[in-house]
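Shown next: upload-v2.csv, given as CSV, C-alpha atoms.
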chain,number,residue,atom,x,y,z
O,881,MET,CA,0.0,0.0,0.0
O,882,SER,CA,1.3,3.4,-1.0
O,883,ASP,CA,2.6,5.4,2.0
O,884,ARG,CA,0.8,8.6,0.9
O,885,PHE,CA,-2.6,6.9,1.5
O,886,VAL,CA,-1.8,5.9,5.1
O,887,SER,CA,-4.3,8.4,6.5
O,888,ALA,CA,-7.1,7.3,4.2
O,889,ALA,CA,-6.4,3.7,5.1
O,890,ARG,CA,-6.5,4.4,8.8
O,891,ILE,CA,-9.9,5.9,8.4
O,892,LEU,CA,-11.2,2.7,6.8
O,893,GLN,CA,-9.4,0.5,9.3
O,894,ALA,CA,-11.0,2.4,12.1
O,895,GLY,CA,-14.4,1.9,10.4
O,896,VAL,CA,-13.9,-1.8,10.6
O,897,GLN,CA,-12.8,-1.7,14.2
O,898,ASP,CA,-15.7,0.5,15.2
O,899,ARG,CA,-18.1,-1.7,13.3
O,900,ALA,CA,-19.2,0.9,10.8
O,901,PHE,CA,-18.9,-1.9,8.3
O,902,PRO,CA,-17.4,-5.4,8.3
O,903,GLY,CA,-15.3,-4.8,5.2
O,904,ALA,CA,-14.5,-2.3,2.5
O,905,ALA,CA,-12.8,-2.2,-0.9
O,906,VAL,CA,-11.3,1.0,-2.4
O,907,GLU,CA,-9.9,2.0,-5.7
O,908,VAL,CA,-8.5,5.4,-6.6
O,909,GLY,CA,-7.4,6.2,-10.1
O,910,ARG,CA,-7.0,8.6,-13.0
O,911,HIS,CA,-8.2,8.4,-16.6
O,912,ASP,CA,-5.2,6.4,-17.6
O,913,GLY,CA,-4.8,4.0,-14.7
O,914,ILE,CA,-5.0,3.0,-11.0
O,915,VAL,CA,-3.3,5.0,-8.2
O,916,TRP,CA,-4.3,3.0,-5.2
O,917,ARG,CA,-6.5,0.0,-4.4
O,918,HIS,CA,-6.9,-2.1,-1.2
O,919,GLY,CA,-9.3,-4.3,0.8
O,920,PHE,CA,-10.1,-3.9,4.4
O,921,GLY,CA,-11.8,-6.1,7.0
O,922,ARG,CA,-13.8,-9.2,6.2
O,923,HIS,CA,-17.1,-10.1,4.6
O,924,SER,CA,-18.8,-10.3,8.0
O,925,TYR,CA,-18.1,-10.1,11.7
O,926,GLU,CA,-17.7,-13.9,12.0
O,927,PRO,CA,-14.1,-14.8,13.0
O,928,ASP,CA,-13.7,-17.2,10.1
O,929,ALA,CA,-15.2,-14.8,7.5
O,930,GLU,CA,-13.4,-14.3,4.2
O,931,PRO,CA,-11.2,-11.2,4.1
O,932,VAL,CA,-12.2,-8.5,1.6
O,933,ARG,CA,-10.1,-8.7,-1.5
O,934,LEU,CA,-10.1,-6.8,-4.7
O,935,ASP,CA,-12.4,-9.4,-6.3
O,936,THR,CA,-14.9,-9.1,-3.4
O,937,ILE,CA,-18.4,-8.3,-4.8
O,938,PHE,CA,-20.7,-5.9,-3.1
O,939,ASP,CA,-24.4,-5.0,-3.5
O,940,LEU,CA,-24.2,-1.6,-5.2
O,941,ALA,CA,-27.7,-0.5,-4.3
O,942,SER,CA,-28.4,3.0,-5.8
O,943,LEU,CA,-25.1,3.1,-7.7
O,944,THR,CA,-27.4,1.2,-10.1
O,945,LYS,CA,-29.0,4.5,-10.9
O,946,VAL,CA,-25.9,5.9,-12.5
O,947,VAL,CA,-24.0,2.8,-13.6
O,948,ALA,CA,-26.9,1.0,-15.3
O,949,THR,CA,-29.9,3.3,-15.8
O,950,THR,CA,-28.2,6.7,-16.5
O,951,THR,CA,-25.6,5.1,-18.7
O,952,ALA,CA,-28.3,3.3,-20.7
O,953,ILE,CA,-30.2,6.6,-21.1
O,954,VAL,CA,-27.2,8.6,-22.2
O,955,ARG,CA,-26.5,5.9,-24.8
O,956,LEU,CA,-30.1,6.1,-26.1
O,957,VAL,CA,-29.9,9.9,-26.2
O,958,GLU,CA,-26.7,9.8,-28.2
O,959,ALA,CA,-28.2,7.3,-30.6
O,960,GLY,CA,-31.2,9.5,-31.2
O,961,GLN,CA,-33.6,6.9,-29.8
O,962,LEU,CA,-34.7,9.1,-26.9
O,963,VAL,CA,-35.2,12.8,-26.3
O,964,LEU,CA,-35.0,14.1,-22.7
O,965,ALA,CA,-37.8,16.6,-23.3
O,966,THR,CA,-40.2,13.8,-24.2
O,967,PRO,CA,-43.3,13.8,-21.9
O,968,VAL,CA,-43.5,10.8,-19.7
O,969,ARG,CA,-47.2,10.4,-20.7
O,970,GLU,CA,-46.0,9.5,-24.2
O,971,LEU,CA,-43.9,6.6,-22.8
O,972,ILE,CA,-45.9,5.4,-19.8
O,973,PRO,CA,-49.6,5.0,-20.7
O,974,ASP,CA,-50.8,5.2,-17.1
O,975,TRP,CA,-49.1,8.5,-16.6
O,976,THR,CA,-52.2,10.7,-17.0
O,977,GLY,CA,-53.6,13.8,-15.5
O,978,ALA,CA,-53.2,17.6,-15.8
O,979,ASP,CA,-50.9,17.7,-12.8
O,980,ARG,CA,-48.3,15.6,-14.5
O,981,ALA,CA,-48.8,16.3,-18.2
O,982,HIS,CA,-45.7,18.3,-18.6
O,983,VAL,CA,-43.3,16.0,-16.7
O,984,THR,CA,-40.5,14.8,-19.0
O,985,VAL,CA,-37.8,12.2,-19.0
O,986,ARG,CA,-35.4,14.9,-17.8
O,987,HIS,CA,-37.6,15.5,-14.7
O,988,LEU,CA,-37.3,11.8,-13.8
O,989,LEU,CA,-33.5,11.9,-14.2
O,990,ASP,CA,-32.9,14.9,-12.0
O,991,HIS,CA,-35.5,13.9,-9.4
O,992,SER,CA,-37.8,16.8,-10.0
O,993,SER,CA,-40.8,14.9,-11.3
O,994,GLY,CA,-43.1,15.4,-8.3
O,995,LEU,CA,-42.9,11.7,-7.3
O,996,THR,CA,-42.3,10.9,-3.6
O,997,ALA,CA,-39.0,9.4,-2.5
O,998,TRP,CA,-40.0,5.8,-1.7
O,999,LEU,CA,-42.9,3.5,-1.0
O,1000,PRO,CA,-42.9,-0.1,0.1
O,1001,LEU,CA,-44.6,-1.2,-3.1
O,1002,PHE,CA,-43.1,-4.7,-2.7
O,1003,ARG,CA,-45.8,-5.4,-0.1
O,1004,ASP,CA,-48.6,-5.2,-2.7
O,1005,CYS,CA,-46.9,-5.3,-6.1
O,1006,GLU,CA,-45.0,-7.8,-8.1
O,1007,GLY,CA,-43.6,-7.4,-11.6
O,1008,ARG,CA,-43.5,-4.5,-14.0
O,1009,ARG,CA,-47.2,-4.1,-14.7
O,1010,GLU,CA,-48.2,-3.7,-11.1
O,1011,PHE,CA,-45.3,-1.4,-10.2
O,1012,GLU,CA,-45.8,0.7,-13.3
O,1013,HIS,CA,-49.5,1.3,-12.6
O,1014,ALA,CA,-48.9,2.0,-8.9
O,1015,ILE,CA,-46.2,4.6,-9.6
O,1016,ALA,CA,-47.8,6.3,-12.6
O,1017,THR,CA,-51.1,6.8,-10.7
O,1018,LEU,CA,-49.6,8.0,-7.4
O,1019,PRO,CA,-50.7,11.6,-6.4
O,1020,LEU,CA,-47.7,13.8,-6.9
O,1021,GLU,CA,-46.0,15.2,-3.8
O,1022,TYR,CA,-45.1,18.6,-5.2
O,1023,GLU,CA,-45.4,20.6,-8.4
O,1024,PRO,CA,-42.9,19.1,-10.9
O,1025,GLY,CA,-39.8,21.2,-11.6
O,1026,THR,CA,-40.1,23.4,-8.5
O,1027,ARG,CA,-37.8,21.3,-6.3
O,1028,SER,CA,-35.9,18.0,-6.2
O,1029,VAL,CA,-36.9,15.0,-4.1
O,1030,TYR,CA,-34.5,12.0,-4.5
O,1031,SER,CA,-36.8,9.3,-5.8
O,1032,ASP,CA,-36.4,5.6,-6.4
O,1033,LEU,CA,-39.8,5.5,-8.0
O,1034,GLY,CA,-38.7,7.8,-10.9
O,1035,PHE,CA,-35.8,5.5,-11.7
O,1036,ILE,CA,-38.0,2.4,-11.7
O,1037,LEU,CA,-40.0,4.1,-14.4
O,1038,LEU,CA,-36.9,5.0,-16.3
O,1039,ALA,CA,-35.9,1.4,-16.5
O,1040,PHE,CA,-39.3,0.5,-18.0
O,1041,ILE,CA,-38.8,3.3,-20.6
O,1042,ILE,CA,-35.4,1.8,-21.5
O,1043,GLU,CA,-36.8,-1.7,-21.8
O,1044,ASP,CA,-39.6,-0.5,-24.2
O,1045,ILE,CA,-37.1,1.4,-26.4
O,1046,VAL,CA,-34.5,-1.4,-26.7
O,1047,ALA,CA,-37.2,-4.2,-26.6
O,1048,LYS,CA,-35.2,-6.3,-24.0
O,1049,PRO,CA,-35.0,-6.5,-20.2
O,1050,LEU,CA,-32.8,-4.0,-18.3
O,1051,ARG,CA,-30.6,-6.9,-17.3
O,1052,ALA,CA,-29.8,-7.8,-21.0
O,1053,CYS,CA,-29.4,-4.1,-21.9
O,1054,PHE,CA,-26.9,-3.6,-19.2
O,1055,GLY,CA,-25.1,-6.8,-20.1
O,1056,GLU,CA,-24.3,-5.2,-23.5
O,1057,ILE,CA,-23.0,-2.0,-21.7
O,1058,ALA,CA,-20.8,-4.1,-19.4
O,1059,SER,CA,-19.5,-6.1,-22.3
O,1060,ARG,CA,-18.5,-2.9,-24.2
O,1061,LEU,CA,-16.9,-1.5,-21.1
O,1062,PHE,CA,-14.8,-4.6,-20.4
O,1063,LEU,CA,-14.0,-5.4,-24.1
O,1064,SER,CA,-12.2,-2.1,-24.3
O,1065,GLN,CA,-10.1,-2.7,-21.2
O,1066,ASP,CA,-9.3,-6.4,-21.1
O,1067,GLN,CA,-11.7,-7.9,-18.5
O,1068,SER,CA,-10.0,-9.8,-15.6
O,1069,ALA,CA,-11.5,-12.2,-13.0
O,1070,GLU,CA,-11.7,-9.3,-10.6
O,1071,ASP,CA,-14.1,-7.4,-12.9
O,1072,VAL,CA,-17.7,-8.3,-11.9
O,1073,LEU,CA,-20.6,-5.9,-12.7
O,1074,LEU,CA,-24.0,-7.5,-13.2
O,1075,PHE,CA,-27.6,-8.1,-12.0
O,1076,ASN,CA,-28.6,-11.4,-10.3
O,1077,PRO,CA,-25.2,-12.8,-9.7
O,1078,PRO,CA,-25.0,-16.6,-10.2
O,1079,VAL,CA,-24.6,-19.0,-7.4
O,1080,ASP,CA,-21.0,-19.8,-8.3
O,1081,LEU,CA,-20.0,-16.2,-7.3
O,1082,ARG,CA,-21.7,-16.3,-3.9
O,1083,SER,CA,-18.5,-17.0,-2.0
O,1084,ARG,CA,-17.1,-13.8,-3.3
O,1085,ILE,CA,-20.1,-11.7,-2.3
O,1086,ALA,CA,-20.2,-9.7,0.9
O,1087,PRO,CA,-23.5,-10.3,2.7
O,1088,THR,CA,-25.9,-7.5,3.5
O,1089,GLU,CA,-28.7,-7.5,6.0
O,1090,VAL,CA,-30.3,-10.2,8.1
O,1091,ASP,CA,-33.7,-9.5,6.6
O,1092,SER,CA,-36.7,-10.2,8.9
O,1093,TRP,CA,-39.1,-9.7,6.0
O,1094,ARG,CA,-37.5,-12.4,3.8
O,1095,GLY,CA,-36.4,-14.4,6.9
O,1096,ARG,CA,-32.8,-14.9,5.9
O,1097,LEU,CA,-29.4,-13.4,5.6
O,1098,LEU,CA,-29.0,-11.8,2.2
O,1099,ARG,CA,-25.9,-12.8,0.2
O,1100,GLY,CA,-26.0,-12.4,-3.6
O,1101,GLU,CA,-29.7,-11.5,-3.3
O,1102,VAL,CA,-30.5,-7.8,-3.8
O,1103,HIS,CA,-31.0,-5.9,-0.5
O,1104,ASP,CA,-33.6,-3.5,-1.8
O,1105,GLU,CA,-37.1,-5.0,-1.4
O,1106,ASN,CA,-38.7,-3.2,-4.4
O,1107,ALA,CA,-35.9,-4.4,-6.6
O,1108,TRP,CA,-36.3,-7.9,-5.3
O,1109,ALA,CA,-40.1,-7.8,-6.2
O,1110,LEU,CA,-39.1,-6.7,-9.7
O,1111,GLY,CA,-36.9,-9.8,-10.1
O,1112,GLY,CA,-33.6,-8.4,-8.8
O,1113,ALA,CA,-33.0,-6.0,-11.8
O,1114,ALA,CA,-34.5,-2.6,-11.5
O,1115,GLY,CA,-33.7,1.0,-12.5
O,1116,HIS,CA,-32.9,2.1,-8.9
O,1117,ALA,CA,-31.1,-0.9,-7.5
O,1118,GLY,CA,-30.0,-4.5,-8.1
O,1119,LEU,CA,-26.4,-4.2,-9.5
O,1120,PHE,CA,-23.6,-6.2,-7.9
O,1121,GLY,CA,-20.0,-5.3,-8.5
O,1122,SER,CA,-16.3,-5.2,-7.5
O,1123,ALA,CA,-14.2,-2.1,-6.9
O,1124,PRO,CA,-12.0,-2.8,-10.0
O,1125,ALA,CA,-15.1,-3.1,-12.2
O,1126,LEU,CA,-16.4,0.2,-10.8
O,1127,GLY,CA,-13.0,1.7,-11.5
O,1128,ARG,CA,-13.2,0.8,-15.1
O,1129,PHE,CA,-16.6,2.4,-15.3
O,1130,ALA,CA,-15.3,5.6,-13.6
O,1131,ARG,CA,-12.4,5.8,-16.0
O,1132,ALA,CA,-14.7,5.6,-19.0
O,1133,TRP,CA,-16.9,8.5,-17.8
O,1134,LEU,CA,-13.8,10.5,-16.8
O,1135,ARG,CA,-12.1,10.0,-20.2
O,1136,ALA,CA,-15.3,11.0,-22.0
O,1137,TRP,CA,-15.7,14.1,-19.9
O,1138,ARG,CA,-12.2,15.2,-20.6
O,1139,GLY,CA,-12.6,14.6,-24.3
O,1140,LEU,CA,-10.3,11.6,-24.5
O,1141,ASP,CA,-12.9,9.1,-25.6
O,1142,ASP,CA,-16.5,9.1,-26.9
O,1143,TRP,CA,-17.9,6.3,-24.8
O,1144,PRO,CA,-20.4,6.1,-23.1
O,1145,ALA,CA,-21.2,9.3,-25.1
O,1146,THR,CA,-19.6,12.4,-26.6
O,1147,PRO,CA,-17.8,14.7,-24.2
O,1148,GLU,CA,-20.6,17.3,-24.7
O,1149,LEU,CA,-23.3,14.9,-23.7
O,1150,VAL,CA,-21.4,13.5,-20.8
O,1151,ARG,CA,-20.8,17.0,-19.5
O,1152,ASP,CA,-24.5,17.8,-19.9
O,1153,PHE,CA,-25.5,14.8,-17.9
O,1154,THR,CA,-23.0,15.6,-15.1
O,1155,ALA,CA,-23.7,19.3,-14.8
O,1156,ARG,CA,-26.0,20.5,-12.0
O,1157,GLY,CA,-29.4,21.4,-13.3
O,1158,GLY,CA,-31.5,24.4,-12.7
O,1159,THR,CA,-34.0,23.0,-10.1
O,1160,PRO,CA,-34.1,25.4,-7.2
O,1161,GLY,CA,-32.1,24.2,-4.2
O,1162,SER,CA,-30.9,21.0,-5.9
O,1163,SER,CA,-27.5,19.5,-6.3
O,1164,ARG,CA,-28.7,17.0,-8.8
O,1165,ALA,CA,-27.5,16.6,-12.4
O,1166,LEU,CA,-29.0,14.0,-14.8
O,1167,GLY,CA,-28.9,10.8,-12.8
O,1168,TRP,CA,-25.7,11.9,-11.0
O,1169,ASP,CA,-25.3,14.1,-7.9
O,1170,THR,CA,-22.8,16.9,-7.8
O,1171,MET,CA,-20.3,18.2,-5.2
O,1172,LEU,CA,-21.5,19.9,-2.1
O,1173,PRO,CA,-19.2,20.5,1.0
O,1174,SER,CA,-21.9,18.6,3.0
O,1175,SER,CA,-21.9,15.5,0.8
O,1176,SER,CA,-20.2,12.2,1.1
O,1177,CYS,CA,-17.3,13.3,-1.2
O,1178,GLY,CA,-15.9,15.7,1.5
O,1179,HIS,CA,-14.7,19.2,1.1
O,1180,LEU,CA,-11.8,19.0,-1.2
O,1181,MET,CA,-13.2,17.9,-4.6
O,1182,SER,CA,-13.8,20.5,-7.2
O,1183,ARG,CA,-17.1,22.1,-8.0
O,1184,LEU,CA,-17.2,19.9,-11.2
O,1185,ALA,CA,-17.1,16.6,-9.2
O,1186,PHE,CA,-20.1,14.2,-9.7
O,1187,GLY,CA,-20.9,11.0,-8.1
O,1188,HIS,CA,-23.5,8.9,-6.2
O,1189,THR,CA,-23.9,6.8,-3.1
O,1190,GLY,CA,-25.7,3.5,-2.4
O,1191,PHE,CA,-27.8,2.6,0.7
O,1192,THR,CA,-25.7,-0.5,1.4
O,1193,GLY,CA,-22.5,1.6,1.9
O,1194,ALA,CA,-21.3,2.1,-1.7
O,1195,SER,CA,-20.1,5.3,-3.3
O,1196,LEU,CA,-18.5,6.5,-6.5
O,1197,TRP,CA,-17.1,10.0,-7.0
O,1198,ILE,CA,-15.4,11.4,-10.1
O,1199,ASP,CA,-13.6,14.8,-10.2
O,1200,PRO,CA,-12.8,15.7,-13.8
O,1201,GLU,CA,-11.0,18.9,-12.8
O,1202,ALA,CA,-8.6,17.0,-10.6
O,1203,GLY,CA,-8.6,14.2,-13.1
O,1204,LEU,CA,-9.4,11.4,-10.6
O,1205,TYR,CA,-12.1,9.0,-9.3
O,1206,VAL,CA,-12.7,7.3,-5.9
O,1207,VAL,CA,-14.6,4.0,-5.5
O,1208,LEU,CA,-15.5,3.0,-2.0
O,1209,LEU,CA,-17.6,-0.2,-1.5
O,1210,THR,CA,-18.7,-1.4,1.9
O,1211,ASN,CA,-21.5,-3.6,3.4
O,1212,ARG,CA,-22.4,-1.2,6.2
O,1213,VAL,CA,-26.0,-2.7,6.4
O,1214,HIS,CA,-24.6,-6.0,7.7
O,1215,PRO,CA,-26.1,-7.2,9.9
O,1216,THR,CA,-28.7,-4.3,10.1
O,1217,ARG,CA,-29.5,-1.2,8.1
O,1218,GLU,CA,-29.8,0.7,11.4
O,1219,ASN,CA,-26.1,1.1,11.5
O,1220,GLU,CA,-25.2,4.6,10.2
O,1221,ARG,CA,-21.7,4.9,11.6
O,1222,ILE,CA,-20.4,5.2,8.0
O,1223,THR,CA,-21.8,8.7,7.7
O,1224,PRO,CA,-18.9,10.8,9.1
O,1225,LEU,CA,-16.3,8.4,7.8
O,1226,ARG,CA,-17.1,8.9,4.1
O,1227,PRO,CA,-16.3,12.6,3.8
O,1228,ALA,CA,-13.2,12.2,6.0
O,1229,PHE,CA,-12.0,9.3,3.8
O,1230,HIS,CA,-12.5,11.3,0.6
O,1231,ASP,CA,-10.7,14.3,2.1
O,1232,ALA,CA,-7.8,12.1,3.1
O,1233,VAL,CA,-7.6,10.8,-0.4
O,1234,MET,CA,-7.6,14.3,-1.9
O,1235,GLU,CA,-4.9,15.4,0.5
O,1236,ALA,CA,-2.8,12.4,-0.4
O,1237,LEU,CA,-3.0,13.4,-4.0
O,1238,GLY,CA,-2.0,17.0,-3.2
O,1239,SER,CA,-5.4,18.6,-3.8
O,1240,PRO,CA,-5.7,22.0,-2.1
O,1241,ALA,CA,-8.6,22.9,0.1
Using the file provided, produce a representation of the structure as structure tokens.
Amino acid sequence: MSDRFVSAARILQAGVQDRAFPGAAVEVGRHDGIVWRHGFGRHSYEPDAEPVRLDTIFDLASLTKVVATTTAIVRLVEAGQLVLATPVRELIPDWTGADRAHVTVRHLLDHSSGLTAWLPLFRDCEGRREFEHAIATLPLEYEPGTRSVYSDLGFILLAFIIEDIVAKPLRACFGEIASRLFLSQDQSAEDVLLFNPPVDLRSRIAPTEVDSWRGRLLRGEVHDENAWALGGAAGHAGLFGSAPALGRFARAWLRAWRGLDDWPATPELVRDFTARGGTPGSSRALGWDTMLPSSSCGHLMSRLAFGHTGFTGASLWIDPEAGLYVVLLTNRVHPTRENERITPLRPAFHDAVMEALGSPA
């Protein structure tokens, strides 16, 4: 491990010791390669649990929103198959009513559609048809476009829109994206990024919660209940992946933003998707979040930084001005989601990484 990342490593080691999470995997890099990567702790708190390695697979939770759904959307926009100004009512038949007639795909992407943040739809709904009808007919929580409320429900609808355009399930659509990503960078055994991981990968997967609703410890089974009711692959959650695989994804977006490549889209389109929108009081871009001093990325990233977090303890931040990315994967919800000790650790960790790389405050 590089001496300059000692402070950042100590923060994660302390997180393991303080039971903020059983284990963590980190990768820091630039557009042309890896600067630092390391594993900390174990898969669980059992004394004989497997140590976290670079090939350890984590439930990525809401990183699915940017890695799968947003990436699929930006590809469709570039191909001319989708226009962000398209009204949702033209794509989702149940989306009717004067209060939502002007809501567009862009509103869903930047969380300003009027939809509430979350509902336990899994209790009454199963499969696309029931979820789509329930979400599209919900009373809106606020006037669309006037503010931003981070919403899983909007991204569930976005996945349905993607599936209709490409005429295949989200899982298959993302499989093509992942294949393109790894094809360009020589995939190794460490690189795993997929929905519904097969049983033969289970020993490499860090467990999440002991779920009282499903009555079992979740390992290789999506933690999010709504994603589970949708078959494990949804627009808001469901992806599993390793830190090296997320690093490859981050390098692709960073290279495109900096004009060094045109995948997943042209630099102009990538910059549009990662720039903060005009919704009052919102830090949201299109799919992505952007840097705030109060966010998980700490205080030292530039104003151009964009990223996202996942409920299970995952995060990805990319700073195109500094020319770097930071992947941090943990299973902080093991054995219970009530554990929130990771909250102060994440910004401290990102600040320590930025200081190690010589970034000024």
Item checked: Given only C-alpha atoms as the counted atoms, nearest of O:Phe920, O:Phe1035, O:Phe938, O:Trp1143 to His987 in chain O ->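 Ranking O:Phe920, O:Phe1035, O:Phe938, O:Trp1143 by distance to His987 in chain O, first place goes to O:Phe1035.
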Notebook entry, point to check: What is the CA of Arg933 in chain O to CA of Phe1186 in chain O distance in Å?
Noted result: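 Result for CA of Arg933 in chain O versus CA of Phe1186 in chain O: 26.3 Å, one decimal.
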Check: When distances are computed from all atoms listed in the file, which of O:Asp1199, O:Asp1080, O:Asp898, O:Asp974 shows the smallest separation from Ala1016 in chain O?
Finding: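 Using all atoms listed in the file, the shortest distance to Ala1016 in chain O belongs to O:Asp974.
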Checklist line | Residue nearest Arg1226 in chain O - candidates O:His991, O:Thr949, O:Ile1015, O:Ala894, atoms counted: all atoms listed in the file | finding: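 Looking only at the distances to Arg1226 in chain O, the closest residue turns out to be O:Ala894.
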Next item on the list: Name the residues in contact with range 1097-1113 of chain O at a cut-off of 7 Å, using all atoms listed in the file, excluding same-chain residues fewer than 2 positions from it; report them as a VMD selection string.
Entry: chain O and resid 939 1000 to 1002 1006 to 1008 1050 to 1051 1075 to 1077 1082 1085 to 1091 1117 to 1118
Notebook entry, point to check: Using all atoms listed in the file, which of O:Val906, O:Val886, O:Asp1044, O:Pro1019 sits nearest Gly977 in chain O?
Noted result: O:Pro1019
Margin query: When you look at Ala905 in chain O with a cut-off of 6 Å (counting all atoms listed in the file), what residues show up, excluding the ones that are within fewer than 2 positions of it in the same chain? I need them as a list in words.
Written below: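 Listing them by chain and then by number gives His918, Gly919, Leu1208 and Leu1209 of chain O.
Closest approach to Leu1038 in chain O among O:Gly1187, O:Gly1167, O:Gly1121, O:Gly913 is made by O:Gly1167 (distances from all atoms listed in the file).
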Next item on the list: Would you kindly return, as a ChimeraX atom specification, each protein, DNA or RNA residue with an atom no farther than 8 Å from any atom of Pro902 in chain O, considering only C-alpha atoms and excluding same-chain residues fewer than 6 positions away?
Entry: /O:896,921-925,1210-1212,1214
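You can rank O:Asp990, O:Asp935, O:Glu1148, O:Glu1043 by their closest distance to Ile972 in chain O using all atoms listed in the file, and at the top of that list sits O:Glu1043.
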Next item on the list: Extract, using only C-alpha atoms, all DNA, RNA and protein residues at most 10 Å from Leu1134 in chain O, discarding same-chain residues fewer than 4 positions from it, and format them as a list in words.
Entry: Arg910, His911, Asp912, Arg1128, Phe1129, Ala1130, Arg1138, Gly1139, Leu1140, Asp1141, Trp1143, Pro1147, Val1150, Arg1151, Ile1198, Asp1199, Pro1200, Glu1201, Gly1203, Leu1204 and Tyr1205 of chain O
Check: When you draw a straight line from CA of Ala1232 in chain O to CA of Thr1170 in chain O, how long is it in Å?
Finding: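 Computing the Euclidean distance for CA of Ala1232 in chain O and CA of Thr1170 in chain O yields 19.2 Å.
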Margin query: Would you pick out the contacts of Arg986 in chain O at 10 Å or less, using all atoms listed in the file, so that residues sharing its chain but fewer than 3 positions from it are not included, and give the list as a PyMOL selection string?
Written below: chain O and resi 963-968+983+989-993+1025+1153+1157+1165-1167
